[in-house]
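Okay, so here's the structure we're looking at.
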Amino acid sequence: MADTLEFNEIYQEVKGSMNDGRLRLSRQGVIFKNSKTGKVDNIQASELAEGVWRRVALGHGLKLLTKNGHVYKYDGFRESEFDKLSDFFKAHYRLELAEKDLCVKGWNWGTVRFGGQLLSFDIGEQPVFEIPLSNVSQCTTGKNEVTLEFHQNDDAEVSLMEVRFYVPPTQEDGVDPVEAFAQNVLSKADVIQATGDAICIFRELQCLTPRGRYDIRIYPTFLHLHGKTFDYKIPYTTVLRLFLLPHKDQRQMFFVISLDPPIKQGQTRYHFLILLFSKDEDISLTLNMNEEEVEKRFEGRLTKNMSGSLYEMVSRVMKALVNRKITVPGNFQGHSGAQCITCSYKASSGLLYPLERGFIYVHKPPVHIRFDEISFVNFARGTTTTRSFDFEIETKQGTQYTFSSIEREEYGKLFDFVNAKKLNIKNRGLKEGMKQSYDEYADSDEDQHDAYLERMKEEGKIREENANDSSDGSGEETDESFNPGEEDDDVAEEFDSNASASSSSGDGDSDRDEKKPAKKAKIVKDRKPRKKQVESKKGKDPNAPKRPMSAYMLWLNANREKIKSDHPGISITDLSKKAGELWKAMSKEKKEEWDRKAEDARRDYEKAMKEYSVGSKSESAKTERSKKKKKKQEKQMKGKVEKKGAASKSLSSKSSSKNMSESFKSKEFVSSDESSSGDNKKEDSEEEGVASPPPSSEESASGSD
């Protein structure tokens, strides 16, 4: 017989809801692991007192009773598994697996039995239903009546909230059956009553979730948060995990308490209680117990008088009362030396802590993700800037968490951590500055294809083809400066759309700059690289040779239709992923064939570019000479027009002055002046080549004299 039995998709009944998980039976005992919370129930073989097999709603179920009165129920078994389980119980636990079916008569009159943590309502020898008393939140009595109220369960679609029992009066003197019934329930019920004094009190602690300052009163079985507006009572049985996390500033500490079920305030559920402490804050603590009680209860984990940092005292007391380990960050160290990574989740910024067995994000909203529930992780390019990246986690249930705005310097550290934990990496998000980390660990996940890089190439190629190469110049602008005066192969390749047009326009700019003052020329020179970059984008020459394709793109163009025919209806993104997988799986010899074709295309491109550059330069030189000649002719015509206007203006002024002198000068004074003016006028007219008006009769007579 096998030493262990394992069952998947087994459901454990907890407070009215069915939690799925895995059940394992071994020689040492029974272990059940909850798939949702990761909580493990461990029942030692020596503690088992009884095992019951019965038919339930989900097939068949197994009920285990322990010697201390606890009851565990597991459903989801098949009828054929009874023999296997029965033999296992006999061989390893020395227990008979009894078959007991529930009574289905429908009677509502029977007998109540209290056994350990269970209330059983029986008809004859068969049970009708059973109520775990730990689910009871309140018990009230009336005349011949007992009312049980239950804790509400958010995970269950329908919750049982109340049950009433009618207890008939008896003739026995001195015993009230109603009070006896209620006392039996309250002795085992999960009723939180703040009776007696608290073990200790921590006052005015800063709480981030729920937000505010609270006094924390520590009682033997529960934790009481007392604030100005709200009060919360948290049973220690609802605490799943404890975390102690250092803040990135190294001056504060987070103390996180994971709860299931969560505490409630209206419609809000708080699955985590987060306290923030300063490392410099100290406290002296005295427990409200004598030394013998402290030693007996905590077995040396606590003492009556303690002192130290406030966060150490709170975490130490909680660890002793809850009896759970405190999880701290492991050996991960980020780029700045901190044990966490600054990032954003949803709309808030916070800290992501890589732990030894999971990730935890604080603080709004807090998130805890275990490694065993992660399907894969993904490194993605940041949506707003290339200076950061996104870290995506998808669970096996399909829930996706995206932690964004992570500094690119953290990429290598986080990738090494994820790789060391052997998590499934869907996409490494290869980016500039991160290539070294990617190449160093490229062989660690050979079965994972880097579809992100190939998808970006494919989408860029498709956009280029659809736009007839018009989108080459409308790509992303880099933050680095670009100097068009330097000859660089990379720059020429990126801005080769109209290199000659840019050079000719630059020559024209230099001619115009000669006409400007020195100060303005300097300003134009500073802005010139930006101007030329814009001009190169706008002035794309359709006759310029097209850039050559890579070996992968040549292969993709040749096989695109074949992939589409093999996978009808495939989308562009899925096609690029599939093509990347085929290309990666291709043998080295076949790839070399496409590499040779790509090399031939590159040589043809370089040759065509040389011919294109020579032709474009000669054409631009002719165009520039014609422009200069045209400018010179325009300049000469402008000068002639200006001189003509000046000559006509002087002629009109002289004729008007002559007319004015004829009106008041005598004849003897006019003869000499007019002859000299006439000579000057004649010389001016000859010099300018403009015909002068004929002289009057008086002027000709005086000239002959």
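Residue numbering restarts at 1 in every chain; chains get A, B, ... in the order shown in the structure tokens, and ligands count up from 1 in that same order.
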Residues at most 8 Å from A:Val322, counting only C-alpha atoms, excluding those fewer than 5 positions away in the same chain, as a count of residues only?
3
Show me a table, sorted first by chain and then by increasing residue number, of the residues of stretch 195-275 of chain A having an atom at most 12 Å from stretch 145-152 of chain A, each with its shortest atom pair and the distance in Å to one decimal, counting only C-alpha atoms and written as CSV.
```
residue,atom,partner,partner_atom,distance
A:Pro261,CA,A:Gln152,CA,9.5
A:Pro262,CA,A:Gln152,CA,10.9
A:Ile263,CA,A:Gln152,CA,11.1
A:Lys264,CA,A:Gln152,CA,10.3
```
For the residues in the current selection, export C-alpha atoms as a PDB file, in the first residue's frame.
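Final file, part-v4.pdb:
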```pdb
ATOM      1  CA  PRO A 261     -11.874  36.761   6.756  1.00  0.00           C
ATOM      2  CA  PRO A 262     -11.211  40.506   6.537  1.00  0.00           C
ATOM      3  CA  ILE A 263     -12.483  43.157   8.912  1.00  0.00           C
ATOM      4  CA  LYS A 264     -15.476  45.086   7.626  1.00  0.00           C
TER       5      LYS A 264
END
```
- Item | DSSP strand (DSSP E or B) residues within stretch 343-384 of chain A, listed as a PyMOL selection string | chain A and resi 343-345+348-354+358-362+367-370+374-381
task: Tell me which protein, DNA and RNA residues are within 10 Å of A:Gln44, counting only C-alpha atoms, leaving out same-chain ones fewer than 4 positions away, and put them as a PyMOL selection string.
output: chain A and resi 26-31+48+66+93
Could the residues in this selection be written to a file with all heavy atoms, as a compact mmCIF listing (two decimals), in the first residue's frame?
```txt
# COMPACT_ATOMS: atom_id res chain seq x y z
N SER A 26 -0.87 11.06 4.73
CA SER A 26 0.41 10.35 4.87
C SER A 26 0.44 9.64 6.22
O SER A 26 -0.51 9.71 7.01
CB SER A 26 1.58 11.34 4.77
OG SER A 26 1.55 12.26 5.84
N ARG A 27 1.52 8.94 6.50
CA ARG A 27 1.66 8.24 7.78
C ARG A 27 1.63 9.22 8.94
O ARG A 27 1.13 8.91 10.03
CB ARG A 27 2.97 7.47 7.81
CG ARG A 27 3.02 6.26 6.89
CD ARG A 27 4.40 5.63 6.94
NE ARG A 27 4.46 4.42 6.12
CZ ARG A 27 4.19 3.20 6.57
NH1 ARG A 27 3.80 3.03 7.82
NH2 ARG A 27 4.29 2.15 5.77
N GLN A 28 2.19 10.44 8.71
CA GLN A 28 2.29 11.41 9.80
C GLN A 28 0.96 12.10 10.10
O GLN A 28 0.75 12.57 11.21
CB GLN A 28 3.34 12.48 9.46
CG GLN A 28 4.77 11.97 9.45
CD GLN A 28 5.07 11.14 8.21
OE1 GLN A 28 4.44 11.32 7.16
NE2 GLN A 28 6.03 10.23 8.34
N GLY A 29 0.08 12.20 9.12
CA GLY A 29 -1.19 12.86 9.37
C GLY A 29 -1.85 13.32 8.08
O GLY A 29 -1.54 12.83 6.98
N VAL A 30 -2.75 14.30 8.22
CA VAL A 30 -3.54 14.83 7.11
C VAL A 30 -3.17 16.29 6.91
O VAL A 30 -3.14 17.07 7.88
CB VAL A 30 -5.05 14.69 7.38
CG1 VAL A 30 -5.85 15.26 6.22
CG2 VAL A 30 -5.42 13.24 7.63
N ILE A 31 -2.89 16.67 5.65
CA ILE A 31 -2.51 18.04 5.33
C ILE A 31 -3.44 18.55 4.24
O ILE A 31 -3.62 17.89 3.21
CB ILE A 31 -1.04 18.14 4.85
CG1 ILE A 31 -0.10 17.64 5.95
CG2 ILE A 31 -0.70 19.56 4.46
CD1 ILE A 31 1.36 17.58 5.52
N LEU A 48 -6.12 12.15 15.60
CA LEU A 48 -7.37 11.70 14.99
C LEU A 48 -8.13 10.77 15.93
O LEU A 48 -7.56 9.82 16.48
CB LEU A 48 -7.09 10.99 13.67
CG LEU A 48 -6.56 11.87 12.52
CD1 LEU A 48 -6.17 11.01 11.33
CD2 LEU A 48 -7.62 12.89 12.11
N THR A 66 -11.07 15.22 15.92
CA THR A 66 -9.84 15.08 16.68
C THR A 66 -10.16 14.89 18.16
O THR A 66 -11.28 15.11 18.62
CB THR A 66 -8.94 16.32 16.49
OG1 THR A 66 -9.62 17.48 16.98
CG2 THR A 66 -8.61 16.52 15.02
N TYR A 93 -3.72 4.75 10.42
CA TYR A 93 -4.29 5.49 11.54
C TYR A 93 -5.01 4.57 12.53
O TYR A 93 -5.43 5.03 13.61
CB TYR A 93 -5.30 6.55 11.04
CG TYR A 93 -4.71 7.53 10.04
CD1 TYR A 93 -5.49 8.04 9.00
CD2 TYR A 93 -3.38 7.94 10.13
CE1 TYR A 93 -4.95 8.94 8.09
CE2 TYR A 93 -2.84 8.83 9.22
CZ TYR A 93 -3.64 9.33 8.19
OH TYR A 93 -3.11 10.21 7.29
```
Under the rule that only C-alpha atoms are counted, which of A:Tyr232, A:Phe255, A:Tyr72, A:Phe332 is the nearest residue to A:Lys279?
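The shortest atom-to-atom distance to A:Lys279 comes from A:Phe255.
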Margin query: What's the separation between atom CA of A:Asn419 and atom CA of A:Phe403, in Å to one decimal place?
Written below: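 Here the two named atoms are 17.9 Å from each other.
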Computed gap from atom CA of A:Phe181 to atom CA of A:Lys143 is 12.6 Å
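Every residue of stretch 244-341 of chain A with a DSSP assignment of helix (DSSP H, G or I), taken from the backbone, is listed as Glu291, Glu292, Glu293, Val294, Glu295, Lys296, Arg297, Phe298, Leu310, Tyr311, Glu312, Met313, Val314, Ser315, Arg316, Val317, Met318, Lys319, Ala320, Leu321 and Val322 of chain A.
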Would you save the residues of that selection, restricted to C-alpha atoms, as a tab-separated table (two decimals), in the first residue's frame?
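Produced file part38.tsv, reproduced below:
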```tsv
chain	number	residue	atom	x	y	z
A	291	GLU	CA	5.35	36.45	36.04
A	292	GLU	CA	4.09	32.90	36.60
A	293	GLU	CA	1.18	33.41	34.21
A	294	VAL	CA	3.47	34.96	31.60
A	295	GLU	CA	5.89	32.04	31.85
A	296	LYS	CA	3.11	29.48	31.69
A	297	ARG	CA	1.25	31.13	28.82
A	298	PHE	CA	4.12	32.22	26.56
A	310	LEU	CA	8.00	50.19	19.47
A	311	TYR	CA	7.80	48.10	16.30
A	312	GLU	CA	9.84	45.32	17.92
A	313	MET	CA	7.54	45.19	20.93
A	314	VAL	CA	4.35	45.09	18.82
A	315	SER	CA	5.69	42.39	16.49
A	316	ARG	CA	7.03	40.33	19.41
A	317	VAL	CA	3.70	40.38	21.29
A	318	MET	CA	1.72	39.58	18.13
A	319	LYS	CA	4.01	36.68	17.24
A	320	ALA	CA	3.59	35.16	20.70
A	321	LEU	CA	-0.21	35.52	20.77
A	322	VAL	CA	-0.95	34.52	17.17
```
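Distance-wise, atom CA of A:Cys340 and atom CA of A:Val362 end up 10.2 Å apart.
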**Message:** I'd like to know which of A:Phe202, A:Arg370, A:Ser134, A:Arg22 is closest to A:Leu186, using only C-alpha atoms.
**Reply:**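 With only C-alpha atoms as the atom set, the closest residue is A:Ser134.
The environment of A:Ile199 within 9 Å, counting only C-alpha atoms and disregarding residues fewer than 2 places along the same chain, consists of Asp197, Ile201, Arg217, Ile218, Tyr219, Pro220, Thr286, Leu287, Asn288 and Met289 of chain A.
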Which residues are near A:Lys73? Cut-off 8 Å, only C-alpha atoms, ignore same chain within fewer than 6 positions. Put them as a PyMOL selection string.
chain A and resi 12-13+61-64
Need to verify the contact set: stretch 547-549 of chain A, 7 Å, only C-alpha atoms, exclusion of same-chain residues closer than 2 positions in sequence. Can you return it as a ChimeraX atom specification? /A:545,551,553-554,598,601-602,605
